[in-house]
file protein.cif (mmCIF, C-alpha atoms and all ligand atoms)
data_upload
#
loop_
_atom_site.label_atom_id
_atom_site.label_comp_id
_atom_site.auth_asym_id
_atom_site.auth_seq_id
_atom_site.Cartn_x
_atom_site.Cartn_y
_atom_site.Cartn_z
CA MET A 18 46.72 158.38 198.71
CA ILE A 19 49.03 161.13 199.95
CA SER A 20 52.58 160.26 198.91
CA CYS A 21 54.35 158.95 195.82
CA THR A 22 57.88 158.24 194.62
CA ALA A 23 58.42 158.29 190.86
CA SER A 24 61.63 157.78 188.90
CA ALA A 25 62.92 158.57 185.41
CA PRO A 26 66.08 157.49 183.55
CA GLY A 27 69.05 159.56 182.42
CA LYS A 28 70.00 159.60 178.77
CA CYS A 29 72.95 159.43 176.42
CA ILE A 30 72.92 160.97 172.94
CA LEU A 31 74.77 158.65 170.55
CA VAL A 32 74.64 160.90 167.48
CA GLY A 33 73.18 164.31 166.66
CA GLU A 34 73.32 166.69 169.64
CA HIS A 35 73.10 170.44 168.91
CA ALA A 36 71.98 169.88 165.31
CA VAL A 37 68.78 168.35 166.79
CA VAL A 38 67.91 171.83 168.12
CA TYR A 39 67.65 172.92 164.45
CA GLY A 40 65.29 170.07 163.54
CA THR A 41 67.67 167.30 162.42
CA LYS A 42 67.60 163.68 163.58
CA ALA A 43 69.48 162.37 166.62
CA ILE A 44 69.90 158.97 168.23
CA VAL A 45 69.47 158.76 171.96
CA THR A 46 69.17 156.01 174.54
CA ALA A 47 67.89 155.89 178.10
CA LEU A 48 70.39 154.78 180.76
CA ASN A 49 69.83 152.63 183.81
CA LEU A 50 70.87 155.56 186.04
CA ARG A 51 67.69 157.10 187.46
CA ALA A 52 66.44 160.22 189.26
CA PHE A 53 63.84 159.79 192.03
CA SER A 54 61.27 162.33 193.16
CA SER A 55 59.20 161.67 196.28
CA ILE A 56 56.24 163.88 197.04
CA GLU A 57 53.94 164.16 199.99
CA ILE A 58 50.85 166.35 200.17
CA ILE A 59 51.00 168.79 203.11
CA SER A 60 48.47 171.16 204.65
CA ASP A 61 50.56 174.38 204.29
CA LYS A 62 50.28 175.95 200.85
CA ILE A 63 54.03 175.90 200.16
CA ILE A 64 56.53 173.92 198.11
CA ASP A 65 59.12 172.40 200.44
CA ILE A 66 62.05 170.92 198.50
CA GLU A 67 64.96 168.82 199.73
CA ALA A 68 67.58 167.93 197.08
CA ILE A 69 69.59 165.26 198.83
CA ASP A 70 72.55 165.19 196.38
CA PHE A 71 72.98 168.97 196.58
CA GLN A 72 72.40 169.01 200.37
CA LEU A 73 69.90 171.79 199.87
CA GLN A 74 66.53 172.34 201.46
CA LYS A 75 64.23 175.34 201.03
CA LYS A 76 60.56 176.31 201.21
CA PHE A 77 59.13 178.22 198.24
CA PRO A 78 55.91 180.17 197.70
CA PHE A 79 53.04 178.23 196.17
CA ILE A 80 52.53 180.13 192.93
CA LYS A 81 54.63 183.29 192.79
CA GLU A 82 57.72 183.41 190.53
CA THR A 83 60.73 183.30 192.82
CA MET A 84 64.16 184.86 192.36
CA LEU A 85 66.66 182.29 193.56
CA ASP A 86 70.05 183.18 194.90
CA LYS A 87 72.97 181.32 193.38
CA LYS A 88 73.17 178.68 196.11
CA PHE A 89 69.63 177.48 195.37
CA LEU A 90 69.86 177.53 191.54
CA PRO A 91 70.02 173.70 191.34
CA LEU A 92 66.46 173.73 192.74
CA LYS A 93 65.13 175.97 189.95
CA PRO A 94 63.84 173.22 187.62
CA ILE A 95 62.04 171.54 190.53
CA VAL A 96 60.39 174.78 191.75
CA ASN A 97 59.39 175.62 188.17
CA CYS A 98 58.03 172.15 187.68
CA CYS A 99 55.84 172.35 190.81
CA GLN A 100 54.60 175.86 190.01
CA ILE A 101 53.70 174.88 186.43
CA MET A 102 51.71 171.88 187.76
CA ILE A 103 50.00 174.02 190.45
CA ASN A 104 48.96 176.67 187.91
CA LYS A 105 47.96 174.30 185.14
CA PHE A 106 45.84 171.98 187.28
CA LYS A 107 44.72 174.55 189.91
CA LEU A 108 46.18 172.38 192.68
CA ASN A 109 45.23 173.71 196.11
CA LYS A 110 47.41 171.71 198.48
CA GLY A 111 51.04 172.17 199.43
CA MET A 112 53.75 169.63 198.67
CA LYS A 113 56.95 168.36 200.26
CA LEU A 114 59.48 166.90 197.84
CA LYS A 115 62.62 164.82 198.28
CA ILE A 116 64.84 164.52 195.21
CA ARG A 117 67.75 162.16 194.77
CA SER A 118 69.53 161.09 191.63
CA ALA A 119 72.12 158.59 190.49
CA ILE A 120 72.62 160.63 187.29
CA PRO A 121 75.68 162.93 187.54
CA SER A 122 74.46 166.53 187.22
CA SER A 123 75.70 169.01 184.57
CA ALA A 124 77.33 166.12 182.69
CA GLY A 125 75.14 165.85 179.58
CA LEU A 126 73.29 162.77 180.84
CA GLY A 127 69.85 164.34 181.19
CA SER A 128 69.79 164.77 184.98
CA SER A 129 67.63 167.91 184.97
CA ALA A 130 65.07 166.48 182.52
CA ALA A 131 64.93 163.20 184.48
CA VAL A 132 64.26 165.10 187.73
CA SER A 133 61.52 167.16 186.04
CA VAL A 134 59.90 164.11 184.47
CA ALA A 135 59.98 162.13 187.76
CA THR A 136 58.56 165.15 189.62
CA VAL A 137 55.70 165.65 187.14
CA LYS A 138 54.88 161.93 187.41
CA ALA A 139 54.95 161.99 191.23
CA ILE A 140 52.71 165.08 191.39
CA GLU A 141 50.27 163.74 188.80
CA SER A 142 50.06 160.46 190.74
CA VAL A 143 49.31 161.97 194.17
CA PHE A 144 46.79 164.44 192.71
CA GLU A 145 45.27 161.71 190.47
CA LEU A 146 45.53 163.80 187.29
CA ASN A 147 45.65 160.79 184.91
CA LEU A 148 48.20 162.33 182.55
CA THR A 149 49.55 160.36 179.60
CA ASN A 150 53.31 160.00 179.13
CA ASP A 151 53.14 162.46 176.22
CA GLU A 152 51.51 165.03 178.52
CA ILE A 153 54.17 164.40 181.19
CA SER A 154 56.93 164.89 178.61
CA GLN A 155 55.29 168.10 177.39
CA ILE A 156 55.18 169.60 180.91
CA ALA A 157 58.83 168.65 181.49
CA PHE A 158 59.55 170.37 178.14
CA GLU A 159 58.02 173.60 179.53
CA VAL A 160 60.45 173.34 182.46
CA GLU A 161 63.36 172.68 180.07
CA LYS A 162 62.40 175.85 178.17
CA ILE A 163 62.77 177.89 181.37
CA VAL A 164 66.06 176.23 182.31
CA HIS A 165 67.58 176.64 178.85
CA THR A 166 65.81 178.72 176.26
CA ARG A 167 66.06 176.58 173.16
CA PRO A 168 65.69 172.89 174.02
CA SER A 169 64.99 170.39 171.24
CA GLY A 170 62.79 168.30 173.54
CA ILE A 171 65.02 165.23 173.18
CA ASP A 172 65.87 165.01 176.91
CA ASN A 173 62.32 165.19 178.28
CA PHE A 174 61.14 162.78 175.55
CA ILE A 175 63.67 160.01 176.25
CA CYS A 176 63.51 160.46 180.05
CA THR A 177 59.74 159.94 179.83
CA HIS A 178 59.56 157.12 177.31
CA GLY A 179 62.85 155.21 177.85
CA GLY A 180 64.36 152.83 175.27
CA CYS A 181 66.55 153.85 172.35
CA ILE A 182 65.09 156.07 169.63
CA GLN A 183 65.79 158.17 166.60
CA TYR A 184 64.36 161.57 167.57
CA SER A 185 63.61 164.73 165.69
CA LYS A 186 61.43 167.70 166.60
CA LYS A 187 59.28 167.33 163.52
CA GLU A 188 59.13 163.65 162.66
CA GLN A 189 57.81 160.38 164.00
CA ILE A 190 59.99 158.84 166.65
CA LYS A 191 61.61 155.56 165.53
CA LYS A 192 62.28 152.91 168.18
CA ILE A 193 65.65 151.18 167.84
CA GLU A 194 66.78 147.83 169.18
CA LEU A 195 70.40 148.01 170.29
CA PRO A 196 72.59 145.16 168.97
CA LYS A 197 73.46 142.42 171.50
CA ASN A 198 77.22 143.15 171.21
CA PHE A 199 76.68 146.88 171.86
CA SER A 200 79.07 147.97 174.57
CA LEU A 201 79.54 151.64 175.22
CA ILE A 202 81.93 153.37 177.57
CA ILE A 203 80.80 156.66 179.07
CA CYS A 204 83.49 158.72 180.77
CA ASN A 205 82.84 161.88 182.77
CA SER A 206 85.38 164.72 182.78
CA GLU A 207 83.57 166.05 185.89
CA ILE A 208 83.88 169.50 184.37
CA PRO A 209 80.40 170.95 184.87
CA ARG A 210 78.85 172.90 182.04
CA ASN A 211 75.61 174.63 181.26
CA THR A 212 73.58 173.33 178.33
CA GLY A 213 71.92 176.72 177.71
CA VAL A 214 75.28 178.49 177.38
CA LEU A 215 76.55 175.94 174.83
CA VAL A 216 73.30 175.98 172.84
CA GLU A 217 73.59 179.80 172.71
CA LYS A 218 77.22 179.52 171.58
CA VAL A 219 76.12 177.43 168.60
CA ALA A 220 73.23 179.85 167.96
CA LYS A 221 75.70 182.75 167.73
CA LEU A 222 77.84 180.82 165.23
CA HIS A 223 74.68 179.98 163.29
CA ASN A 224 73.67 183.66 163.17
CA LYS A 225 77.09 184.63 161.88
CA PHE A 226 77.58 181.77 159.40
CA PRO A 227 74.07 180.44 158.65
CA ASN A 228 74.89 178.72 155.34
CA ILE A 229 77.98 177.01 156.71
CA THR A 230 76.49 175.85 160.02
CA GLU A 231 73.43 174.52 158.20
CA LYS A 232 75.73 172.35 156.07
CA ILE A 233 77.20 171.03 159.34
CA PHE A 234 73.70 170.31 160.72
CA ASP A 235 72.81 168.54 157.44
CA ALA A 236 75.94 166.39 157.70
CA ILE A 237 75.07 165.50 161.31
CA ASN A 238 71.57 164.57 160.15
CA LEU A 239 73.08 162.20 157.55
CA LEU A 240 75.25 160.67 160.28
CA SER A 241 72.17 160.00 162.42
CA ILE A 242 70.44 158.32 159.48
CA LYS A 243 73.55 156.23 158.78
CA ALA A 244 73.95 155.36 162.48
CA LEU A 245 70.45 153.89 162.52
CA GLU A 246 71.51 151.57 159.66
CA SER A 247 74.74 150.63 161.48
CA LEU A 248 72.81 149.79 164.64
CA LYS A 249 70.31 147.69 162.67
CA LYS A 250 73.20 145.78 161.04
CA GLY A 251 75.06 145.53 164.36
CA ASP A 252 78.06 147.13 162.61
CA LEU A 253 79.89 148.72 165.54
CA VAL A 254 83.01 149.50 163.47
CA GLU A 255 80.90 151.68 161.20
CA LEU A 256 79.17 153.24 164.22
CA GLY A 257 82.62 154.11 165.58
CA GLU A 258 83.48 155.87 162.30
CA ILE A 259 80.21 157.79 162.59
CA PHE A 260 81.13 158.83 166.17
CA ASN A 261 84.47 160.15 164.86
CA LEU A 262 82.85 162.12 162.05
CA ASN A 263 80.22 163.50 164.44
CA GLN A 264 82.97 164.56 166.87
CA GLY A 265 84.76 166.45 164.06
CA LEU A 266 81.58 168.35 163.30
CA LEU A 267 80.95 169.12 166.99
CA GLU A 268 84.49 170.48 167.16
CA ALA A 269 83.70 172.67 164.15
CA LEU A 270 80.68 173.98 166.10
CA GLY A 271 83.05 174.88 168.95
CA VAL A 272 81.52 172.73 171.70
CA SER A 273 84.38 170.32 172.38
CA THR A 274 87.26 171.04 174.77
CA ALA A 275 90.91 170.05 175.04
CA ILE A 276 90.14 167.59 177.86
CA LEU A 277 87.33 165.93 175.94
CA SER A 278 89.62 165.61 172.89
CA LYS A 279 92.28 164.06 175.13
CA PHE A 280 89.79 161.48 176.46
CA ILE A 281 88.60 160.73 172.91
CA ASN A 282 92.16 160.23 171.61
CA ILE A 283 93.11 157.97 174.55
CA ALA A 284 89.99 155.86 174.01
CA LYS A 285 90.86 155.46 170.31
CA GLU A 286 94.56 154.75 171.01
CA ASN A 287 93.44 151.95 173.34
CA GLY A 288 91.22 150.21 170.85
CA ALA A 289 87.93 152.13 170.56
CA TYR A 290 86.37 152.06 167.08
CA GLY A 291 85.30 155.64 167.66
CA ALA A 292 84.56 158.22 170.33
CA LYS A 293 82.81 161.56 170.71
CA LEU A 294 81.44 163.94 173.28
CA THR A 295 77.82 163.38 174.32
CA GLY A 296 75.27 166.04 175.24
CA ALA A 297 76.04 169.73 175.06
CA GLY A 298 79.86 169.45 175.37
CA GLY A 299 82.02 172.13 177.01
CA GLY A 300 82.84 169.51 179.70
CA GLY A 301 80.64 166.64 180.79
CA CYS A 302 81.07 163.22 179.18
CA ILE A 303 82.50 161.39 176.20
CA ILE A 304 81.31 158.06 174.81
CA ALA A 305 83.44 155.41 173.13
CA ILE A 306 82.40 152.32 171.22
CA SER A 307 84.79 149.38 171.20
CA PRO A 308 85.08 145.60 170.99
CA SER A 309 84.24 144.25 174.47
CA SER A 310 87.77 142.77 174.68
CA LYS A 311 89.23 146.32 174.70
CA GLN A 312 86.83 147.85 177.21
CA LYS A 313 88.93 147.19 180.30
CA ASN A 314 92.06 148.75 178.71
CA ILE A 315 90.15 151.82 177.60
CA VAL A 316 88.57 152.31 181.04
CA GLU A 317 91.98 151.98 182.76
CA ALA A 318 93.63 154.41 180.32
CA LEU A 319 90.84 156.96 180.80
CA LYS A 320 91.11 156.67 184.60
CA LYS A 321 94.87 157.32 184.38
CA ILE A 322 94.25 160.72 182.76
CA GLY A 323 91.58 161.75 185.27
CA GLY A 324 88.43 160.43 183.60
CA VAL A 325 85.59 158.96 185.62
CA PRO A 326 84.12 156.03 183.69
CA ILE A 327 80.43 155.35 184.29
CA LEU A 328 79.07 151.83 184.31
CA THR A 329 76.43 151.76 181.60
CA GLU A 330 73.46 149.63 180.94
CA PHE A 331 70.62 150.75 178.77
CA SER A 332 67.08 150.98 179.97
CA GLN A 333 63.80 150.20 178.24
CA ASP A 334 62.00 151.74 181.21
CA GLY A 335 60.88 155.32 181.03
CA VAL A 336 59.22 157.20 183.86
CA LYS A 337 57.49 155.01 186.45
CA VAL A 338 55.90 155.05 189.86
CA GLU A 339 58.08 153.30 192.43
CA ASP A 340 55.79 153.66 195.42
CA LEU A 341 52.31 155.09 195.99
CA LYS A 342 50.60 155.30 199.40
C1 LIG B 401 71.37 168.34 175.36
O1 LIG B 401 71.21 167.08 175.98
C2 LIG B 401 71.43 168.18 173.88
C3 LIG B 401 71.46 169.46 173.06
O2 LIG B 401 71.29 169.06 171.71
C4 LIG B 401 70.39 170.44 173.46
C5 LIG B 401 68.99 169.97 173.13
O3 LIG B 401 68.80 169.12 172.26
O4 LIG B 401 68.05 170.50 173.75
C6 LIG B 401 72.82 170.16 173.16
#
call {"tool": "encode", "arguments": {"input": "protein.cif", "output": "structure tokens"}}
result
Amino acid sequence: MISCTASAPGKCILVGEHAVVYGTKAIVTALNLRAFSSIEIISDKIIDIEAIDFQLQKKFPFIKETMLDKKFLPLKPIVNCCQIMINKFKLNKGMKLKIRSAIPSSAGLGSSAAVSVATVKAIESVFELNLTNDEISQIAFEVEKIVHTRPSGIDNFICTHGGCIQYSKKEQIKKIELPKNFSLIICNSEIPRNTGVLVEKVAKLHNKFPNITEKIFDAINLLSIKALESLKKGDLVELGEIFNLNQGLLEALGVSTAILSKFINIAKENGAYGAKLTGAGGGGCIIAISPSSKQKNIVEALKKIGGVPILTEFSQDGVKVEDLK
């Protein structure tokens, strides 16, 4: 076997971003938008990467750390991922990779983790390394740590395992079944942002006001616990209230923006039970929970103010091999 395509889902954090970095609970679900990584073994000892969505192609050295100029920065997680695999498993053949993704990048929907997870899976499949999903997630976590210095591990975990879960760094993962009437609107501001920068912004606030920010993290933790109950009961009105409270706390942490607030207010004015940013904030996406009868109105209203709604379905599937030859 010399080639493999693997895919991994994007993700959407329902409750608990940022605080999860400090060990609290968060609720996250995999989306049906996927990233695909195709790999072929080649005779030259190089890493040849083509990222179709970025229209970028470049050959990289096999092992050596590489300084990337700005244009090629989107390729960094993929190069890191390959080099980590080469070093860890003493791989001695070159690889040609093609990456494509239906997950909008820099939008808080887990595109970089999904690409890393799919790439680890594709490499482990062609080199027959027999890694478990937990090992795949752990390697993608190492890549996440290079890309942004303080990841909680939530993105690589959900992109590997799929489904909907309550996640925390230190506790058992709880699987959640989403209620049948669960209908979520995701809307992209298309303002790109960098997760690492926003995580550092919160870290600075935490250094300056540790006692106060920890109270905020504790409150977010309580919201995640409560949200699990609301989901179990199928109480979407209560979940909406939790979204609103969580958004207030994210604003207190300084990661929301005027545009995101505008989207959130429009969603609520048009019938959403609640809305909040999702992911790191600073741009990217908001989510809104509503009765299904109001969804169309909300989507239209968001479009009118420049939002880009994303069709969402949730995915039980985590990382998987699509094709192996
Ligand atoms: C990023 O998807 C979510 C953050 O909480 C960072 C992390 O958990 O690694 C902002």
call {"tool": "residues_near_ligand", "arguments": {"input": "protein.cif", "ligand": "ligand LIG 401 (chain B)", "cutoff": "6 Å", "atoms": "all atoms listed in the file", "output": "ChimeraX atom specification"}}
result
/A:34-35,37-38,125,168-172,216,296-297
call {"tool": "atom_distance", "arguments": {"input": "protein.cif", "atom1": "CA of Gly111 (chain A)", "atom2": "CA of Asn173 (chain A)"}}
result
25.0 Å
call {"tool": "atom_distance", "arguments": {"input": "protein.cif", "atom1": "CA of Thr274 (chain A)", "atom2": "CA of Gly298 (chain A)"}}
result
7.6 Å
call {"tool": "closest_residue", "arguments": {"input": "protein.cif", "among": "A:His178, A:Arg117, A:Arg167, A:Arg210", "to": "Ile153 (chain A)", "atoms": "all atoms listed in the file"}}
result
A:His178
call {"tool": "residues_around", "arguments": {"input": "protein.cif", "residues": "region 238-242 of chain A", "least_positions_apart": "4", "cutoff": "6 Å", "atoms": "only C-alpha atoms", "output": "list in words"}}
result
Val32, Thr41, Lys42 and Ala43 of chain A
call {"tool": "residues_around", "arguments": {"input": "protein.cif", "residues": "Asp61 (chain A)", "least_positions_apart": "2", "cutoff": "10 Å", "atoms": "only C-alpha atoms", "output": "PDB file with C-alpha atoms, in the frame of the given file"}}
result
ATOM      1  CA  ILE A  58      50.850 166.350 200.170  1.00  0.00           C
ATOM      2  CA  ILE A  59      51.000 168.790 203.110  1.00  0.00           C
ATOM      3  CA  ILE A  63      54.030 175.900 200.160  1.00  0.00           C
ATOM      4  CA  ILE A  64      56.530 173.920 198.110  1.00  0.00           C
ATOM      5  CA  ASP A  65      59.120 172.400 200.440  1.00  0.00           C
ATOM      6  CA  PHE A  79      53.040 178.230 196.170  1.00  0.00           C
ATOM      7  CA  ASN A 109      45.230 173.710 196.110  1.00  0.00           C
ATOM      8  CA  LYS A 110      47.410 171.710 198.480  1.00  0.00           C
ATOM      9  CA  GLY A 111      51.040 172.170 199.430  1.00  0.00           C
ATOM     10  CA  MET A 112      53.750 169.630 198.670  1.00  0.00           C
ATOM     11  CA  LYS A 113      56.950 168.360 200.260  1.00  0.00           C
TER      12      LYS A 113
END
call {"tool": "residues_around", "arguments": {"input": "protein.cif", "residues": "region 323-334 of chain A", "least_positions_apart": "6", "cutoff": "8 Å", "atoms": "all atoms listed in the file", "output": "MDAnalysis selection string"}}
result
chainID A and resid 26 46:49 178:181 201:207 280 316
call {"tool": "closest_residue", "arguments": {"input": "protein.cif", "among": "A:Ile44, A:Val137, A:Leu245, A:Ala124", "to": "Ile56 (chain A)", "atoms": "only C-alpha atoms"}}
result
A:Val137
call {"tool": "residues_around", "arguments": {"input": "protein.cif", "residues": "Ser24 (chain A)", "least_positions_apart": "3", "cutoff": "7 Å", "atoms": "only C-alpha atoms", "output": "list in words"}}
result
Arg51, Ala52, Phe53, Ser54, Ala135, Val336, Lys337, Val338 and Glu339 of chain A
call {"tool": "closest_residue", "arguments": {"input": "protein.cif", "among": "A:Thr230, A:Ser273, A:Ser200, A:Thr295", "to": "Val254 (chain A)", "atoms": "all atoms listed in the file"}}
result
A:Ser200
call {"tool": "residues_near_point", "arguments": {"input": "protein.cif", "point": "(59.7, 170.2, 190.5)", "cutoff": "7 Å", "atoms": "only C-alpha atoms", "output": "list of chain:residue names"}}
result
A:Pro94, A:Ile95, A:Val96, A:Asn97, A:Cys98, A:Cys99, A:Ser133, A:Thr136, A:Val137
call {"tool": "residues_around", "arguments": {"input": "protein.cif", "residues": "Ile283 (chain A)", "least_positions_apart": "4", "cutoff": "9 Å", "atoms": "all atoms listed in the file", "output": "list in words"}}
result
Ser278, Lys279, Asn287, Gly288, Ala289, Ile315, Ala318, Leu319 and Ile322 of chain A
call {"tool": "closest_residue", "arguments": {"input": "protein.cif", "among": "A:Ser55, A:Ser60, A:Gln74, A:Asn147", "to": "Thr22 (chain A)", "atoms": "all atoms listed in the file"}}
result
A:Ser55
call {"tool": "atom_distance", "arguments": {"input": "protein.cif", "atom1": "CA of Val214 (chain A)", "atom2": "CA of Ser123 (chain A)"}}
result
11.9 Å
call {"tool": "closest_residue", "arguments": {"input": "protein.cif", "among": "A:Leu50, A:Ala292, A:Ile303, A:Ile116", "to": "Glu258 (chain A)", "atoms": "only C-alpha atoms"}}
result
A:Ala292
call {"tool": "closest_residue", "arguments": {"input": "protein.cif", "among": "A:Ile193, A:Val132, A:Lys93, A:Asp340", "to": "Leu73 (chain A)", "atoms": "only C-alpha atoms"}}
result
A:Lys93
call {"tool": "axis_aligned_box", "arguments": {"input": "protein.cif", "around": "region 89-106 of chain A", "padding_each_side": "3 Å", "output": "JSON"}}
result
{"center_x": 57.9, "center_y": 174.5, "center_z": 190.3, "size_x": 30.2, "size_y": 12.0, "size_z": 16.2}
